[in-house]
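Worksheet for the structure shown next.
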Amino acid sequence: MFLGASAGSVALAGAAHAASKAGASKGGAPFPKDFAWGVATAAYQVEGAAAEDGKGPSVWDVFSKKKGAIFDGNTADVACDHYHLYKQDIALMKALGVKSYRFSVSWPRVLPDGVGASNPKGLDFYSRLLDELHKNGIEPFCTIFHWDYPQALYKKGGWLNRDSAEWFAEYTTLLADKFSDRVQIWATQNEPQCFIGLGLLDGVNAPGDKLKYSEYLTAAHNAMRAHAKAVQVLRARAKDAKATKVGYVVAAQIAQPLTDKAEDVDAARAAIFAVGRHEWNNSWWMDPVLLGKYPEDGVAVAGKDMPKFKPTDLDEMKQPLDYLGLNIYKADNYKRGVDGKPEQVPVPPGYPRAGSDWEPITPGCMYWGPRFFFDRYKLPLSITENGLATRDQVCLDGKIHDPQRIDYMHRYLLELARAIKDGVPVTGYYAWSLLDNFEWADGYKQRFGLVYVDFQNQKRVPKDSFDWYKKVIASGGRSLQEKVAFPVTQVTPL
Ligand code: GBH
């Protein structure tokens, strides 16, 4: 056994085994009746219309024009042209049967300068989008900020400027006033680790900066302050404050135990909340927001680079949330090392991976992630993103066969079902993504969609995984218990 088959990470050769295991509960899948089966996208990755109808530039519009910044020199000027084709895309969602759609608003589309005068045409786009969703019985889930920061505010210092929290509050006020009559589920920010870490420290995402470590931590601090101010704005201004659900979405970094031995589970639990580096960890980005303090090990690692801030900041950062959003793609494996400390165990050579190389296929992350996060933060969880990039193409029969994506989602959803069965409250699952789209610095190289997009002519073709997910949704997750249709070949037991 490897990768803790019995500890929740399904032996990769054994989908049938996983199915029988998760199917042990009477009556099939344990997903709650009102479970939000959904799909997710983000404004910059799908909308296009980068300079249309008065939209201001975002840092991504500028960054994507820099030589060498994006794979093959791709840009998102057109992307999926969702700005014009949103009705067609909502029709696809309707056909898929999703209950909820997680989208984001482009900040500079509605506030071209980031603050100040709003753009009526930009606001009108989201208004029409929301009406169309409601017409089709799909619940909107609005992410306020998914990385496309207004260039005008970046020029004023961006997240390094302490006022950035007020700018974000002003933007959130606009959204609350215009859209809270039709939106009840909100996320303040998507993956602060990425827009701060990849954007301002590593420089591989927009705006492409490589700040000093102390500045990077200051920017992170301000982003978390901004999150908290947005929560306060929504609580104060949403039309139906009681029905409003506000959350925060992180790039969940999962550590899973190599085996189900208690010592390995403890090692994984210690690893998942440890701060070795600030970029790819959880506690640094969640403890201030959820517990009102920075984790001590992280403060020690920061040392003299620790930002100076007002003592009241930490109290203000901690605002009650209704749910925690987890974007989950993969796990690292941990066991108890000989010294008693958690020890990471690399996957064996040739281990299954996504088309995007960072994603080894590790279904156990969908069990252990939710479990560990719920234990620590005691909040309902939403799986706000999960999906797989594969090298999809239109086959000679005109279809897009993506068995690897189906197998991935099947394994991951079985593990999520197991977490729910074991008592973890999970309110929804959002497949990343509805459409193949602009995968940031990877351009159009990575296809994550349930729907294939031909970027030459904007033609959409549902992939096999679309039909598969449709069945999952229609059956409330029960179809996950069915035996897989293809023969399972027993290779080296994992
Ligand atoms: C999410 O980002 C985004 O929210 C979404 O916009 C994006 O399209 C989607 O996932 C798919 O990528 O392990 O050191 O090599 C996920 C961003 C990508 C950040 C992988 C960490 C790997 C760093 N993550 N990246 S590493």
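Residues are referred to by chain and number: the chain letter is A, B, ... according to the order shown in the structure tokens, the number counts from 1 in that chain, and ligands are numbered separately from 1 in the order shown.
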Contacts of Glu47 (chain A) at 8 Å (only C-alpha atoms; same-chain gap of 4+ positions) as number ranges by chain: A: 43, 78-84
Pull N, CA, C and O atoms from the residues just selected and write them as a PDB file, in the first residue's frame.
ATOM      1  N   ALA A  43     -13.599  36.225 -13.770  1.00  0.00           N
ATOM      2  CA  ALA A  43     -13.824  37.242 -14.787  1.00  0.00           C
ATOM      3  C   ALA A  43     -12.704  37.293 -15.834  1.00  0.00           C
ATOM      4  O   ALA A  43     -12.951  37.148 -17.036  1.00  0.00           O
ATOM      5  N   VAL A  78      -9.638  38.493 -25.497  1.00  0.00           N
ATOM      6  CA  VAL A  78     -10.914  37.901 -25.943  1.00  0.00           C
ATOM      7  C   VAL A  78     -11.311  36.739 -25.021  1.00  0.00           C
ATOM      8  O   VAL A  78     -12.478  36.576 -24.675  1.00  0.00           O
ATOM      9  N   ALA A  79     -10.332  35.942 -24.618  1.00  0.00           N
ATOM     10  CA  ALA A  79     -10.574  34.775 -23.743  1.00  0.00           C
ATOM     11  C   ALA A  79     -11.738  33.944 -24.286  1.00  0.00           C
ATOM     12  O   ALA A  79     -11.719  33.561 -25.458  1.00  0.00           O
ATOM     13  N   CYS A  80     -12.770  33.693 -23.494  1.00  0.00           N
ATOM     14  CA  CYS A  80     -13.925  32.911 -23.964  1.00  0.00           C
ATOM     15  C   CYS A  80     -15.033  33.814 -24.479  1.00  0.00           C
ATOM     16  O   CYS A  80     -16.144  33.358 -24.750  1.00  0.00           O
ATOM     17  N   ASP A  81     -14.749  35.094 -24.541  1.00  0.00           N
ATOM     18  CA  ASP A  81     -15.747  36.077 -24.975  1.00  0.00           C
ATOM     19  C   ASP A  81     -17.069  35.938 -24.214  1.00  0.00           C
ATOM     20  O   ASP A  81     -18.153  36.217 -24.731  1.00  0.00           O
ATOM     21  N   HIS A  82     -16.930  35.542 -22.974  1.00  0.00           N
ATOM     22  CA  HIS A  82     -18.110  35.334 -22.117  1.00  0.00           C
ATOM     23  C   HIS A  82     -18.899  36.632 -21.939  1.00  0.00           C
ATOM     24  O   HIS A  82     -20.120  36.591 -21.720  1.00  0.00           O
ATOM     25  N   TYR A  83     -18.223  37.766 -22.076  1.00  0.00           N
ATOM     26  CA  TYR A  83     -18.895  39.068 -21.961  1.00  0.00           C
ATOM     27  C   TYR A  83     -20.045  39.159 -22.967  1.00  0.00           C
ATOM     28  O   TYR A  83     -21.085  39.712 -22.673  1.00  0.00           O
ATOM     29  N   HIS A  84     -19.828  38.576 -24.160  1.00  0.00           N
ATOM     30  CA  HIS A  84     -20.892  38.589 -25.161  1.00  0.00           C
ATOM     31  C   HIS A  84     -21.680  37.289 -25.208  1.00  0.00           C
ATOM     32  O   HIS A  84     -22.828  37.272 -25.639  1.00  0.00           O
TER      33      HIS A  84
END
Protein and nucleic acid residues within 10 Å of ligand 1 (only C-alpha atoms and all ligand atoms) as number ranges by chain: A: 40-45, 146-147, 189-195, 197-198, 249-253, 279-280, 326-332, 356-360, 384-389, 432-433, 436-442, 446-449
Which of A:Lys421, A:Arg411, A:Arg460, A:His278 sits closest to Val394 (chain A) [using only C-alpha atoms]: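 Selected residue with least distance to Val394 (chain A): A:Arg460.
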DSSP strand (DSSP E or B) residues within region 407-467 of chain A, as a ChimeraX atom specification: /A:426-432,435,447,451-454,459-462
Write the residues of the preceding selection, restricted to C-alpha atoms, as a PDB file, in the first residue's frame.
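Result went into out.pdb, see below:
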ATOM      1  CA  VAL A 426     -19.665  20.750   3.255  1.00  0.00           C
ATOM      2  CA  THR A 427     -22.207  22.968   1.559  1.00  0.00           C
ATOM      3  CA  GLY A 428     -21.132  22.763  -2.060  1.00  0.00           C
ATOM      4  CA  TYR A 429     -18.715  21.652  -4.737  1.00  0.00           C
ATOM      5  CA  TYR A 430     -17.729  23.865  -7.673  1.00  0.00           C
ATOM      6  CA  ALA A 431     -15.997  22.183 -10.591  1.00  0.00           C
ATOM      7  CA  TRP A 432     -13.151  24.218 -12.011  1.00  0.00           C
ATOM      8  CA  LEU A 435     -15.108  26.354 -19.803  1.00  0.00           C
ATOM      9  CA  ARG A 447      -7.656  23.119 -20.434  1.00  0.00           C
ATOM     10  CA  VAL A 451     -16.807  22.366 -21.976  1.00  0.00           C
ATOM     11  CA  TYR A 452     -14.177  22.558 -24.694  1.00  0.00           C
ATOM     12  CA  VAL A 453     -13.614  25.982 -26.221  1.00  0.00           C
ATOM     13  CA  ASP A 454     -12.225  26.414 -29.706  1.00  0.00           C
ATOM     14  CA  LYS A 459     -17.315  27.301 -30.419  1.00  0.00           C
ATOM     15  CA  ARG A 460     -18.213  25.415 -27.233  1.00  0.00           C
ATOM     16  CA  VAL A 461     -18.373  21.606 -27.207  1.00  0.00           C
ATOM     17  CA  PRO A 462     -19.318  19.771 -24.006  1.00  0.00           C
TER      18      PRO A 462
END
Nearest to Asn205 (chain A) by atom-to-atom distance, counting only C-alpha atoms, from A:Trp284, A:Tyr323, A:Phe373, A:Tyr149: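 Checking each of A:Trp284, A:Tyr323, A:Phe373, A:Tyr149 against Asn205 (chain A), counting only C-alpha atoms, the winner is A:Tyr149.
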Go through region 312-347 of chain A and flag each residue having an atom no more than 8 Å from region 255-274 of chain A; for those, report the closest pair of atoms plus their distance in Å to one decimal, using only C-alpha atoms, ordered by chain and rising number, as CSV.
residue,atom,partner,partner_atom,distance
A:Ala331,CA,A:Ala255,CA,5.3
A:Asp332,CA,A:Ala255,CA,4.9
A:Asn333,CA,A:Gln256,CA,5.0
A:Tyr334,CA,A:Pro257,CA,5.0
A:Lys335,CA,A:Asp264,CA,4.5
A:Arg336,CA,A:Asp264,CA,5.2
A:Lys341,CA,A:Ala267,CA,6.9
A:Pro342,CA,A:Ala267,CA,4.5
A:Glu343,CA,A:Ala267,CA,7.5
A:Val345,CA,A:Leu258,CA,7.8
Atomic distance CA of Ala417 (chain A) - CA of Tyr367 (chain A), expressed in Å with one decimal: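 Computing it gives 8.0 Å between the two atoms.
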Option closest in space to Tyr377 (chain A), from A:Ile185, A:Ile420, A:Leu291, A:Val347 [counting only C-alpha atoms]: A:Leu291
Length of the CA of Asp375 (chain A) to CA of His410 (chain A) vector [Å]: 25.0 Å
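Closest to Asn136 (chain A) among A:Val484, A:Ala117, A:Ile90, A:Ala243 is A:Ile90, based on only C-alpha atoms.
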Backbone DSSP call of helix (DSSP H, G or I) for region 164-379 of chain A, listed as JSON, numbers by chain: {"A": [164, 165, 166, 167, 168, 169, 170, 171, 172, 173, 174, 175, 176, 177, 178, 179, 192, 193, 194, 195, 196, 197, 198, 199, 200, 201, 213, 214, 215, 216, 217, 218, 219, 220, 221, 222, 223, 224, 225, 226, 227, 228, 229, 230, 231, 232, 233, 234, 235, 236, 237, 262, 263, 264, 265, 266, 267, 268, 269, 270, 271, 272, 273, 283, 284, 285, 286, 287, 288, 289, 290, 291, 296, 297, 298, 299, 300, 301, 302, 303, 304, 305, 313, 314, 315, 316, 317, 365, 366, 367, 368, 369, 370, 371, 372, 373, 374, 375, 376, 377]}
Region 60-77 of chain A surroundings by only C-alpha atoms, 6 Å radius, close-in-sequence under 2 positions cut, as a list in words: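 Contacts, in chain order: Gly48, Ala50, Pro57, Ser58, Ala79, Asp148, Ala206, Pro207, Ala441, Asp442 and Gly443 of chain A.
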Residue nearest Phe374 (chain A) - candidates A:Leu96, A:Asn281, A:Gly423, A:His227, atoms counted: only C-alpha atoms: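 The closest residue to Phe374 (chain A) is A:Gly423.
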Counting only C-alpha atoms, the residue of A:Ser164, A:Gln393, A:Ser180, A:Gln458 that sits nearest Asp89 (chain A):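 The answer is A:Gln458, which sits nearest to Asp89 (chain A).
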